[in-house]
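Chemist: Sharing query-v5.csv below, CSV, C-alpha atoms:
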chain,number,residue,atom,x,y,z
X,1,MET,CA,3.3,-30.6,0.4
X,2,THR,CA,1.5,-27.7,2.1
X,3,VAL,CA,3.2,-24.8,3.8
X,4,SER,CA,4.7,-24.9,7.2
X,5,THR,CA,3.0,-23.2,10.1
X,6,PRO,CA,3.0,-20.3,10.4
X,7,PRO,CA,3.1,-19.1,6.8
X,8,ARG,CA,5.9,-16.7,6.0
X,9,ILE,CA,4.4,-13.5,4.5
X,10,LEU,CA,6.2,-10.6,3.0
X,11,LEU,CA,4.6,-7.1,2.9
X,12,SER,CA,6.1,-4.5,0.5
X,13,SER,CA,5.6,-1.0,2.0
X,14,GLY,CA,4.7,0.8,-1.3
X,15,GLU,CA,5.1,4.5,-1.9
X,16,PRO,CA,7.0,6.0,1.1
X,17,ALA,CA,5.2,9.3,0.9
X,18,GLY,CA,1.8,7.7,1.0
X,19,ILE,CA,0.0,5.6,3.6
X,20,GLY,CA,2.0,2.4,3.0
X,21,PRO,CA,4.3,3.0,5.9
X,22,ASP,CA,1.3,3.9,8.1
X,23,LEU,CA,-0.4,0.7,7.2
X,24,CYS,CA,2.8,-1.3,8.1
X,25,ALA,CA,3.0,0.4,11.5
X,26,VAL,CA,-0.6,0.0,12.3
X,27,ILE,CA,-0.9,-3.6,11.2
X,28,ALA,CA,2.1,-4.4,13.3
X,29,GLN,CA,0.0,-3.8,16.4
X,30,MET,CA,-2.4,-6.6,15.4
X,31,PRO,CA,-2.1,-10.3,16.2
X,32,LEU,CA,-1.5,-12.2,13.0
X,33,PRO,CA,-1.3,-15.9,12.4
X,34,CYS,CA,1.8,-15.7,10.3
X,35,ALA,CA,5.5,-14.8,10.3
X,36,LEU,CA,5.4,-11.3,8.8
X,37,THR,CA,8.3,-9.4,7.3
X,38,VAL,CA,8.1,-5.9,5.8
X,39,VAL,CA,10.2,-4.9,2.8
X,40,ALA,CA,11.0,-1.2,3.5
X,41,ASP,CA,13.4,1.5,4.6
X,42,PRO,CA,13.5,1.0,8.4
X,43,ASP,CA,14.0,4.7,9.0
X,44,VAL,CA,10.8,5.5,7.1
X,45,LEU,CA,8.9,3.0,9.2
X,46,ALA,CA,10.4,4.3,12.5
X,47,ASN,CA,9.7,7.9,11.6
X,48,ARG,CA,6.1,7.2,10.6
X,49,ALA,CA,5.4,5.1,13.7
X,50,SER,CA,6.8,8.0,15.8
X,51,ARG,CA,4.7,10.5,14.0
X,52,LEU,CA,1.6,8.4,14.6
X,53,GLY,CA,2.5,7.9,18.3
X,54,ILE,CA,2.9,4.1,17.8
X,55,ASN,CA,5.4,2.1,19.8
X,56,LEU,CA,7.1,-0.1,17.2
X,57,THR,CA,10.2,-2.3,17.5
X,58,LEU,CA,12.1,-3.1,14.3
X,59,SER,CA,14.5,-5.9,13.6
X,60,CYS,CA,16.3,-6.5,10.3
X,61,VAL,CA,16.1,-10.0,9.0
X,62,SER,CA,18.9,-11.8,7.2
X,63,GLU,CA,18.5,-14.4,4.4
X,64,SER,CA,19.5,-17.2,6.7
X,65,ALA,CA,17.4,-16.2,9.7
X,66,SER,CA,14.0,-17.7,10.4
X,67,VAL,CA,11.2,-15.2,11.3
X,68,PRO,CA,9.0,-16.3,14.2
X,69,LEU,CA,5.3,-15.9,14.5
X,70,HIS,CA,4.3,-12.2,14.4
X,71,SER,CA,4.3,-10.5,17.8
X,72,PRO,CA,2.2,-7.3,18.1
X,73,GLY,CA,4.3,-4.2,18.4
X,74,HIS,CA,7.3,-5.8,16.6
X,75,LEU,CA,8.2,-5.9,12.9
X,76,TRP,CA,10.8,-7.8,11.1
X,77,VAL,CA,12.2,-5.8,8.2
X,78,MET,CA,14.0,-6.7,4.9
X,79,PRO,CA,15.8,-3.3,4.5
X,80,VAL,CA,15.7,-1.3,1.3
X,81,LYS,CA,16.9,2.2,1.8
X,82,CYS,CA,15.2,5.2,0.2
X,83,ALA,CA,17.3,7.1,-2.3
X,84,ASN,CA,16.1,10.4,-0.7
X,85,GLN,CA,14.5,11.4,2.6
X,86,SER,CA,10.7,10.7,2.4
X,87,ILE,CA,8.2,13.4,3.5
X,88,CYS,CA,4.6,12.5,4.1
X,89,GLY,CA,2.4,13.5,1.2
X,90,GLU,CA,5.2,14.8,-1.0
X,91,LEU,CA,6.1,12.6,-4.0
X,92,ASP,CA,9.7,12.4,-4.9
X,93,LYS,CA,10.7,10.7,-8.2
X,94,ARG,CA,14.2,10.0,-6.7
X,95,ASN,CA,12.5,7.4,-4.6
X,96,ALA,CA,10.8,5.6,-7.5
X,97,CYS,CA,13.7,3.2,-7.9
X,98,THR,CA,13.4,2.4,-4.2
X,99,VAL,CA,9.7,1.5,-4.6
X,100,LEU,CA,10.5,-0.8,-7.5
X,101,ASP,CA,13.4,-2.3,-5.5
X,102,THR,CA,11.1,-3.3,-2.7
X,103,ILE,CA,8.7,-5.0,-5.0
X,104,THR,CA,11.6,-6.8,-6.8
X,105,ALA,CA,13.1,-7.9,-3.5
X,106,GLY,CA,9.8,-9.3,-2.3
X,107,VAL,CA,9.1,-11.2,-5.5
X,108,ASN,CA,12.6,-12.7,-5.5
X,109,ALA,CA,12.3,-13.8,-1.9
X,110,CYS,CA,9.1,-15.6,-2.8
X,111,LEU,CA,10.6,-17.2,-5.9
X,112,ASP,CA,13.5,-18.6,-4.0
X,113,GLY,CA,11.2,-20.2,-1.4
X,114,ARG,CA,12.0,-18.0,1.6
X,115,TYR,CA,8.5,-16.7,1.8
X,116,HIS,CA,5.1,-18.2,0.9
X,117,ALA,CA,3.3,-15.0,-0.3
X,118,LEU,CA,3.8,-11.3,-1.1
X,119,VAL,CA,1.3,-8.7,0.0
X,120,THR,CA,1.8,-5.2,-1.6
X,121,ALA,CA,0.9,-1.8,-0.2
X,122,PRO,CA,-0.1,0.8,-2.8
X,123,VAL,CA,2.3,2.5,-5.2
X,124,HIS,CA,2.0,5.7,-7.2
X,125,LYS,CA,2.1,4.9,-10.9
X,126,GLY,CA,2.5,8.5,-12.0
X,127,ILE,CA,5.7,9.3,-10.1
X,128,ILE,CA,7.3,6.0,-11.2
X,129,ASN,CA,6.7,6.9,-14.8
X,130,GLU,CA,7.9,10.5,-14.2
X,131,ALA,CA,11.1,9.0,-13.0
X,132,GLY,CA,11.7,7.4,-16.4
X,133,PHE,CA,10.4,3.9,-15.7
X,134,THR,CA,7.8,2.2,-17.9
X,135,PHE,CA,5.3,1.1,-15.3
X,136,THR,CA,1.6,0.2,-15.8
X,137,GLY,CA,1.0,-1.4,-12.5
X,138,HIS,CA,2.1,-3.8,-9.8
X,139,THR,CA,0.4,-6.7,-11.6
X,140,GLU,CA,2.3,-6.3,-14.9
X,141,PHE,CA,5.6,-5.4,-13.1
X,142,ILE,CA,5.6,-8.6,-11.0
X,143,ALA,CA,4.6,-10.7,-14.1
X,144,ASP,CA,7.6,-9.3,-16.0
X,145,ILE,CA,9.9,-10.7,-13.2
X,146,THR,CA,8.1,-14.0,-12.7
X,147,GLY,CA,6.9,-14.8,-16.2
X,148,GLY,CA,3.5,-16.0,-17.2
X,149,LEU,CA,0.3,-14.2,-18.0
X,150,PRO,CA,-1.1,-12.3,-15.0
X,151,VAL,CA,-4.8,-12.5,-14.3
X,152,MET,CA,-6.1,-9.7,-12.0
X,153,MET,CA,-8.9,-10.8,-9.6
X,154,LEU,CA,-10.5,-8.7,-6.8
X,155,ALA,CA,-12.4,-10.4,-4.1
X,156,THR,CA,-14.6,-9.4,-1.1
X,157,GLU,CA,-17.0,-11.4,1.0
X,158,GLY,CA,-19.4,-13.3,-1.4
X,159,LEU,CA,-17.8,-12.1,-4.7
X,160,ARG,CA,-14.7,-12.7,-6.8
X,161,VAL,CA,-14.2,-10.7,-10.0
X,162,ALA,CA,-11.4,-11.6,-12.4
X,163,LEU,CA,-10.5,-9.5,-15.5
X,164,ALA,CA,-9.9,-10.7,-19.1
X,165,THR,CA,-8.0,-7.4,-19.7
X,166,THR,CA,-6.5,-5.1,-17.1
X,167,HIS,CA,-5.2,-1.5,-17.6
X,168,LEU,CA,-6.1,-0.8,-21.2
X,169,PRO,CA,-7.8,2.2,-22.8
X,170,LEU,CA,-11.4,1.2,-23.5
X,171,LYS,CA,-10.9,1.7,-27.3
X,172,ASP,CA,-8.3,-1.2,-27.2
X,173,VAL,CA,-10.3,-3.7,-25.2
X,174,SER,CA,-12.1,-5.4,-28.1
X,175,ALA,CA,-9.0,-6.1,-30.1
X,176,ALA,CA,-7.3,-7.5,-26.9
X,177,ILE,CA,-10.0,-10.1,-26.4
X,178,THR,CA,-8.8,-12.8,-28.7
X,179,SER,CA,-9.6,-16.5,-28.6
X,180,ASP,CA,-6.1,-17.3,-27.4
X,181,ARG,CA,-6.1,-14.7,-24.6
X,182,LEU,CA,-9.6,-15.5,-23.4
X,183,THR,CA,-8.8,-19.3,-23.4
X,184,THR,CA,-5.6,-18.7,-21.4
X,185,VAL,CA,-7.3,-16.4,-18.9
X,186,ILE,CA,-10.1,-18.8,-18.2
X,187,GLN,CA,-7.8,-21.7,-17.8
X,188,ILE,CA,-5.6,-19.7,-15.3
X,189,LEU,CA,-8.7,-18.6,-13.4
X,190,HIS,CA,-10.1,-22.2,-13.3
X,191,HIS,CA,-6.7,-23.6,-12.3
X,192,ASP,CA,-6.0,-21.1,-9.5
X,193,LEU,CA,-9.5,-21.4,-8.0
X,194,GLN,CA,-8.7,-25.1,-7.7
X,195,LYS,CA,-5.1,-24.9,-6.5
X,196,ARG,CA,-5.0,-21.6,-4.7
X,197,PHE,CA,-8.5,-21.7,-3.1
X,198,GLY,CA,-9.3,-25.4,-2.8
X,199,ILE,CA,-12.4,-25.3,-5.0
X,200,ALA,CA,-12.7,-28.7,-6.6
X,201,LYS,CA,-15.2,-27.8,-9.4
X,202,PRO,CA,-15.3,-24.0,-9.9
X,203,ARG,CA,-18.3,-22.4,-11.5
X,204,ILE,CA,-17.4,-19.3,-13.4
X,205,LEU,CA,-19.8,-16.6,-14.8
X,206,VAL,CA,-18.6,-14.9,-17.9
X,207,CYS,CA,-19.6,-11.4,-18.9
X,208,GLY,CA,-20.3,-10.5,-22.5
X,209,LEU,CA,-18.4,-7.5,-23.9
X,210,ASN,CA,-21.3,-5.5,-25.3
X,211,PRO,CA,-24.5,-4.3,-23.8
X,212,HIS,CA,-27.0,-7.1,-23.5
X,213,ALA,CA,-24.1,-9.5,-24.4
X,214,GLY,CA,-24.4,-8.3,-28.0
X,215,GLU,CA,-28.2,-8.7,-28.4
X,216,GLY,CA,-27.7,-11.6,-30.9
X,217,GLY,CA,-25.1,-9.6,-32.9
X,218,HIS,CA,-27.1,-6.4,-33.2
X,219,LEU,CA,-25.0,-4.6,-30.6
X,220,GLY,CA,-21.6,-6.2,-31.5
X,221,LYS,CA,-20.4,-9.6,-32.6
X,222,GLU,CA,-17.5,-10.3,-30.1
X,223,GLU,CA,-19.8,-12.7,-28.2
X,224,ILE,CA,-20.6,-14.7,-31.4
X,225,ASP,CA,-17.2,-14.6,-33.0
X,226,VAL,CA,-14.9,-15.0,-29.9
X,227,ILE,CA,-16.4,-15.4,-26.5
X,228,ASN,CA,-19.0,-18.1,-27.0
X,229,PRO,CA,-16.8,-20.4,-29.2
X,230,VAL,CA,-14.1,-20.2,-26.4
X,231,LEU,CA,-16.7,-21.1,-23.7
X,232,VAL,CA,-18.0,-24.0,-25.8
X,233,ALA,CA,-14.5,-25.4,-26.3
X,234,LEU,CA,-13.7,-25.2,-22.6
X,235,ARG,CA,-17.0,-26.7,-21.5
X,236,GLN,CA,-16.0,-29.7,-23.6
X,237,LYS,CA,-12.9,-30.0,-21.4
X,238,GLY,CA,-15.1,-30.2,-18.3
X,239,MET,CA,-15.2,-26.6,-17.1
X,240,ASP,CA,-18.4,-25.2,-15.6
X,241,LEU,CA,-18.9,-21.9,-17.4
X,242,LEU,CA,-22.0,-19.9,-17.7
X,243,GLY,CA,-22.3,-17.1,-20.3
X,244,PRO,CA,-21.7,-14.9,-22.0
X,245,LEU,CA,-24.1,-13.0,-19.9
X,246,PRO,CA,-25.1,-9.3,-19.9
X,247,ALA,CA,-23.0,-7.6,-17.2
X,248,ASP,CA,-26.0,-5.5,-16.1
X,249,THR,CA,-27.9,-8.6,-14.9
X,250,LEU,CA,-25.1,-11.0,-14.1
X,251,PHE,CA,-24.4,-9.4,-10.8
X,252,LEU,CA,-27.7,-10.5,-9.3
X,253,PRO,CA,-28.1,-13.0,-6.5
X,254,LYS,CA,-29.8,-15.6,-8.8
X,255,TYR,CA,-26.5,-15.9,-10.6
X,256,LEU,CA,-23.9,-15.0,-8.0
X,257,ASP,CA,-25.3,-17.3,-5.3
X,258,GLN,CA,-24.4,-20.3,-7.4
X,259,ALA,CA,-21.0,-19.2,-8.7
X,260,ASP,CA,-17.4,-19.1,-7.5
X,261,ALA,CA,-16.1,-16.2,-9.6
X,262,VAL,CA,-17.1,-13.8,-12.3
X,263,LEU,CA,-14.9,-13.0,-15.4
X,264,ALA,CA,-15.4,-9.5,-16.6
X,265,MET,CA,-14.1,-8.4,-20.0
X,266,TYR,CA,-12.5,-5.2,-18.9
X,267,HIS,CA,-11.5,-3.2,-15.8
X,268,ASP,CA,-14.5,-1.0,-15.3
X,269,GLN,CA,-17.1,-3.6,-16.2
X,270,GLY,CA,-16.7,-5.7,-13.1
X,271,LEU,CA,-14.7,-3.7,-10.5
X,272,PRO,CA,-17.2,-0.9,-9.8
X,273,VAL,CA,-19.7,-3.6,-8.6
X,274,LEU,CA,-17.1,-5.3,-6.4
X,275,LYS,CA,-15.8,-2.0,-4.9
X,276,HIS,CA,-19.4,-0.9,-4.2
X,277,LYS,CA,-20.0,-4.1,-2.4
X,278,GLY,CA,-16.7,-4.3,-0.4
X,279,PHE,CA,-14.4,-1.3,-0.7
X,280,GLY,CA,-12.1,-1.2,2.3
X,281,ARG,CA,-12.6,-4.9,2.8
X,282,ALA,CA,-11.6,-6.1,-0.7
X,283,VAL,CA,-8.3,-7.7,-1.8
X,284,ASN,CA,-6.5,-7.6,-5.2
X,285,ILE,CA,-5.1,-11.0,-6.1
X,286,THR,CA,-2.8,-11.8,-9.0
X,287,LEU,CA,-3.5,-15.2,-10.5
X,288,GLY,CA,-1.3,-17.0,-13.1
X,289,LEU,CA,2.0,-16.4,-11.3
X,290,PRO,CA,4.4,-18.9,-9.7
X,291,ILE,CA,4.0,-16.9,-6.4
X,292,ILE,CA,1.0,-15.9,-4.3
X,293,ARG,CA,0.5,-12.1,-4.5
X,294,THR,CA,-2.3,-10.1,-2.9
X,295,SER,CA,-2.7,-6.4,-2.5
X,296,VAL,CA,-4.9,-3.7,-1.0
X,297,ASP,CA,-7.8,-2.4,-3.1
X,298,HIS,CA,-7.0,1.4,-2.7
X,299,GLY,CA,-4.3,3.9,-3.6
X,300,THR,CA,-1.6,5.8,-1.8
X,301,ALA,CA,-3.9,8.4,-0.2
X,302,LEU,CA,-1.1,11.0,0.0
X,303,ASP,CA,-3.4,13.4,1.9
X,304,LEU,CA,-3.8,10.8,4.7
X,305,ALA,CA,-0.1,9.9,5.2
X,306,GLY,CA,1.0,10.5,8.8
X,307,THR,CA,-2.5,11.7,9.9
X,308,GLY,CA,-3.6,8.5,11.7
X,309,ARG,CA,-6.9,8.6,9.7
X,310,ILE,CA,-6.5,5.4,7.8
X,311,ASP,CA,-8.5,2.2,7.5
X,312,ILE,CA,-6.5,-1.0,7.5
X,313,GLY,CA,-9.4,-3.2,6.6
X,314,SER,CA,-8.2,-3.9,3.1
X,315,LEU,CA,-4.6,-4.7,4.2
X,316,GLU,CA,-6.0,-7.1,6.9
X,317,THR,CA,-8.0,-8.8,4.2
X,318,ALA,CA,-5.0,-9.0,1.9
X,319,ILE,CA,-2.8,-10.5,4.6
X,320,HIS,CA,-5.4,-13.1,5.7
X,321,THR,CA,-6.2,-14.0,2.1
X,322,ALA,CA,-2.5,-14.6,1.5
X,323,ILE,CA,-2.4,-16.8,4.5
X,324,GLN,CA,-5.4,-18.8,3.4
X,325,MET,CA,-4.1,-19.2,-0.1
X,326,SER,CA,-0.7,-20.3,1.3
X,327,GLN,CA,-2.4,-23.0,3.3
X,328,SER,CA,-4.6,-24.1,0.5
X,329,ALA,CA,-1.9,-24.3,-2.1
X,330,PRO,CA,1.0,-26.7,-2.5
X,331,PHE,CA,4.4,-25.1,-1.8
X,332,PRO,CA,6.2,-24.5,-4.0
X,333,ALA,CA,3.4,-23.7,-6.4
X,334,GLU,CA,2.6,-26.4,-8.9
Please express what this file holds, its structure, as C-alpha cells.
Modeler:
Amino acid sequence: MTVSTPPRILLSSGEPAGIGPDLCAVIAQMPLPCALTVVADPDVLANRASRLGINLTLSCVSESASVPLHSPGHLWVMPVKCANQSICGELDKRNACTVLDTITAGVNACLDGRYHALVTAPVHKGIINEAGFTFTGHTEFIADITGGLPVMMLATEGLRVALATTHLPLKDVSAAITSDRLTTVIQILHHDLQKRFGIAKPRILVCGLNPHAGEGGHLGKEEIDVINPVLVALRQKGMDLLGPLPADTLFLPKYLDQADAVLAMYHDQGLPVLKHKGFGRAVNITLGLPIIRTSVDHGTALDLAGTGRIDIGSLETAIHTAIQMSQSAPFPAE
C-alpha cells in the first residue's frame, strides 16, 4: 500500500540559534505538495519570522488532528519548547536537550505512522557534546532510536553517493571496513534503491579504499582481502556491482552515466565530489532505517541566522526527495 495524498512530512527545526528557524519560516511561504508540520518552539519560529519580516501564521497540531495540504504563509507546529531563550547566532548548551527532543519527537511520530517522512534542519554537534550528550550526528542518533545499521547517502541531480563508513577518523577507516559491514551496507543500499526509489535493478559503482584501488596489492590489500570477495559473493546473488574502482577515475561520465549510485569507502572520498557538483541543491538521505529521513547538506550557519541571506535550495530538495520517496515506498516501510 502506498502513501495517501498528500504525504505527511515532518520538519525538525534544528539548532535554534542557527538558520534552521529561518529555513522553516521561508519554506513556509512556498507551495508544497505535502502536509507539512514543523517540530519546533513556536515562539522561536514566530520571533524569527518577525525578524525576517515574514508574515507567518502558526497552528499547533495535536496527535489526533489531521494536517491539511500545506498552505503558503501557514505552518502547523508540533511544539517543543526551548529550555532557554534562543538568540540568533549565539549557541546555548541549555538548549541542546531541546534540539535532541525535537529529533526524537519527529522520529517517534514517523515510527507510529502519523507521518511518512522526517526532514531535518542542521544541528550543531559541538554544543550538543558540550552539554554532556554523546552525539556524533543526526544519522547515528536516529539509528539509535529506530534500530538498524544506518547508511548515509547524499544525492544531487545525476549523482547519488553512499558511504561504507561515516564519521570516523581516517586512521580508523580500514579496520571498520569488514566483510560483514560491507556486505550489510551494500545490501541496504541495493534494497533501498529498489524500495525507496523504485529502481528495479540498481547498478552500483564501488570505490576501492586505496589509491588506484590498491594497485594489485602494492598500495594496500583491502581490495584483495575484503572488498572484492564481498562484491563477488553479492554478484552471485544477482546484484549489479562494478568495482572496486579507483575513486579518482570512478567519478567520470563513462561510469556515472550507467550507474544508479556510488558507494564510497569513507566520508571524504565521495562527498567532496558530490558537494562540488551540487552544493545547495543536494540532500542527505539516511538508508537502512524503518522510516524515511532526509536532511539538508549544510550546517547551522550561525553567522547568517536572522539576516535573510540564506539559500533554501537544499531544504527544498530534501522535502521534495522525502515526498518522492514516500510515494515510491510502501507505507509502513517493508
Chemist: Neighbours of X:Asn108 within 12 Å (only C-alpha atoms; same-chain residues fewer than 5 positions away dropped), as a PyMOL selection string?
Modeler: chain X and resi 10+39+63+101-103+113-118+142-143+145-146+290-291
Chemist: Export, as a PDB file, in the coordinates of the input, the selected residues with C-alpha atoms.
Modeler:
ATOM      1  CA  LEU X  10       6.200 -10.600   3.000  1.00  0.00           C
ATOM      2  CA  VAL X  39      10.200  -4.900   2.800  1.00  0.00           C
ATOM      3  CA  GLU X  63      18.500 -14.400   4.400  1.00  0.00           C
ATOM      4  CA  ASP X 101      13.400  -2.300  -5.500  1.00  0.00           C
ATOM      5  CA  THR X 102      11.100  -3.300  -2.700  1.00  0.00           C
ATOM      6  CA  ILE X 103       8.700  -5.000  -5.000  1.00  0.00           C
ATOM      7  CA  GLY X 113      11.200 -20.200  -1.400  1.00  0.00           C
ATOM      8  CA  ARG X 114      12.000 -18.000   1.600  1.00  0.00           C
ATOM      9  CA  TYR X 115       8.500 -16.700   1.800  1.00  0.00           C
ATOM     10  CA  HIS X 116       5.100 -18.200   0.900  1.00  0.00           C
ATOM     11  CA  ALA X 117       3.300 -15.000  -0.300  1.00  0.00           C
ATOM     12  CA  LEU X 118       3.800 -11.300  -1.100  1.00  0.00           C
ATOM     13  CA  ILE X 142       5.600  -8.600 -11.000  1.00  0.00           C
ATOM     14  CA  ALA X 143       4.600 -10.700 -14.100  1.00  0.00           C
ATOM     15  CA  ILE X 145       9.900 -10.700 -13.200  1.00  0.00           C
ATOM     16  CA  THR X 146       8.100 -14.000 -12.700  1.00  0.00           C
ATOM     17  CA  PRO X 290       4.400 -18.900  -9.700  1.00  0.00           C
ATOM     18  CA  ILE X 291       4.000 -16.900  -6.400  1.00  0.00           C
TER      19      ILE X 291
END
Chemist: For X:Gly20, find every residue with an atom within 7 Å (counting all atoms listed in the file), except residues of its own chain fewer than 3 positions away, and show them as a compact mmCIF listing (two decimals) with C-alpha atoms, in the coordinates of the input.
Modeler:
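Written out: around15.txt:
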# COMPACT_ATOMS: atom_id res chain seq x y z
CA SER X 13 5.60 -1.00 2.00
CA GLY X 14 4.70 0.80 -1.30
CA GLU X 15 5.10 4.50 -1.90
CA PRO X 16 7.00 6.00 1.10
CA LEU X 23 -0.40 0.70 7.20
CA CYS X 24 2.80 -1.30 8.10
CA ALA X 121 0.90 -1.80 -0.20
CA PRO X 122 -0.10 0.80 -2.80
CA THR X 300 -1.60 5.80 -1.80
Chemist: So that I can see what lies close to stretch 128-138 of chain X, please list as a PDB file with C-alpha atoms, in the coordinates of the input the residues with an atom at most 7 Å from it, counting all atoms listed in the file and leaving out residues fewer than 4 positions away in the same chain.
Modeler:
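Saved as around.pdb:
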ATOM      1  CA  LYS X  93      10.700  10.700  -8.200  1.00  0.00           C
ATOM      2  CA  ALA X  96      10.800   5.600  -7.500  1.00  0.00           C
ATOM      3  CA  HIS X 124       2.000   5.700  -7.200  1.00  0.00           C
ATOM      4  CA  ILE X 142       5.600  -8.600 -11.000  1.00  0.00           C
TER       5      ILE X 142
END
Chemist: Considering only C-alpha atoms, state which residue in the set X:Cys110, X:Val44, X:Tyr266, X:Thr120 is at the smallest distance from X:Ile319.
Modeler: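 Using only C-alpha atoms, the shortest distance to X:Ile319 belongs to X:Thr120.
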Chemist: List every protein, DNA or RNA residue with an atom no more than 7 Å from (-10.4, -18.7, -27.8) in the file's coordinates, counting all atoms listed in the file, and format the result as a PDB file with C-alpha atoms, in the coordinates of the input.
Modeler:
ATOM      1  CA  THR X 178      -8.800 -12.800 -28.700  1.00  0.00           C
ATOM      2  CA  SER X 179      -9.600 -16.500 -28.600  1.00  0.00           C
ATOM      3  CA  ASP X 180      -6.100 -17.300 -27.400  1.00  0.00           C
ATOM      4  CA  ARG X 181      -6.100 -14.700 -24.600  1.00  0.00           C
ATOM      5  CA  LEU X 182      -9.600 -15.500 -23.400  1.00  0.00           C
ATOM      6  CA  THR X 183      -8.800 -19.300 -23.400  1.00  0.00           C
ATOM      7  CA  VAL X 226     -14.900 -15.000 -29.900  1.00  0.00           C
ATOM      8  CA  ILE X 227     -16.400 -15.400 -26.500  1.00  0.00           C
ATOM      9  CA  PRO X 229     -16.800 -20.400 -29.200  1.00  0.00           C
ATOM     10  CA  VAL X 230     -14.100 -20.200 -26.400  1.00  0.00           C
TER      11      VAL X 230
END
Chemist: Return the single residue from X:Arg51, X:Arg235, X:Lys275, X:Lys125 that is closest to X:Ile186, with distances computed using all atoms listed in the file.
Modeler: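 The shortest atom-to-atom distance to X:Ile186 comes from X:Arg235.
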Chemist: Residues at most 10 Å from stretch 191-199 of chain X, counting all atoms listed in the file, excluding those fewer than 4 positions away in the same chain, as a list of chain:residue names?
Modeler: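 Selected residues are X:Val151, X:Val185, X:Ile186, X:Gln187, X:Arg203, X:Ile204, X:Asp260, X:Ala261, X:Thr286, X:Leu287, X:Gly288, X:Leu289, X:Ile292, X:Thr321, X:Ala322, X:Gln324, X:Met325, X:Ser326, X:Gln327, X:Ser328, X:Ala329, X:Pro330, X:Ala333, X:Glu334.
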Chemist: What's around X:Gln269 at 8 Å? Count all atoms listed in the file, leave out sequence neighbours fewer than 4 positions away in its own chain, and write the answer as a list of chain:residue names.
Modeler: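 Once the nearby chain positions are removed, what remains is X:Ala247, X:Ala264, X:Met265.
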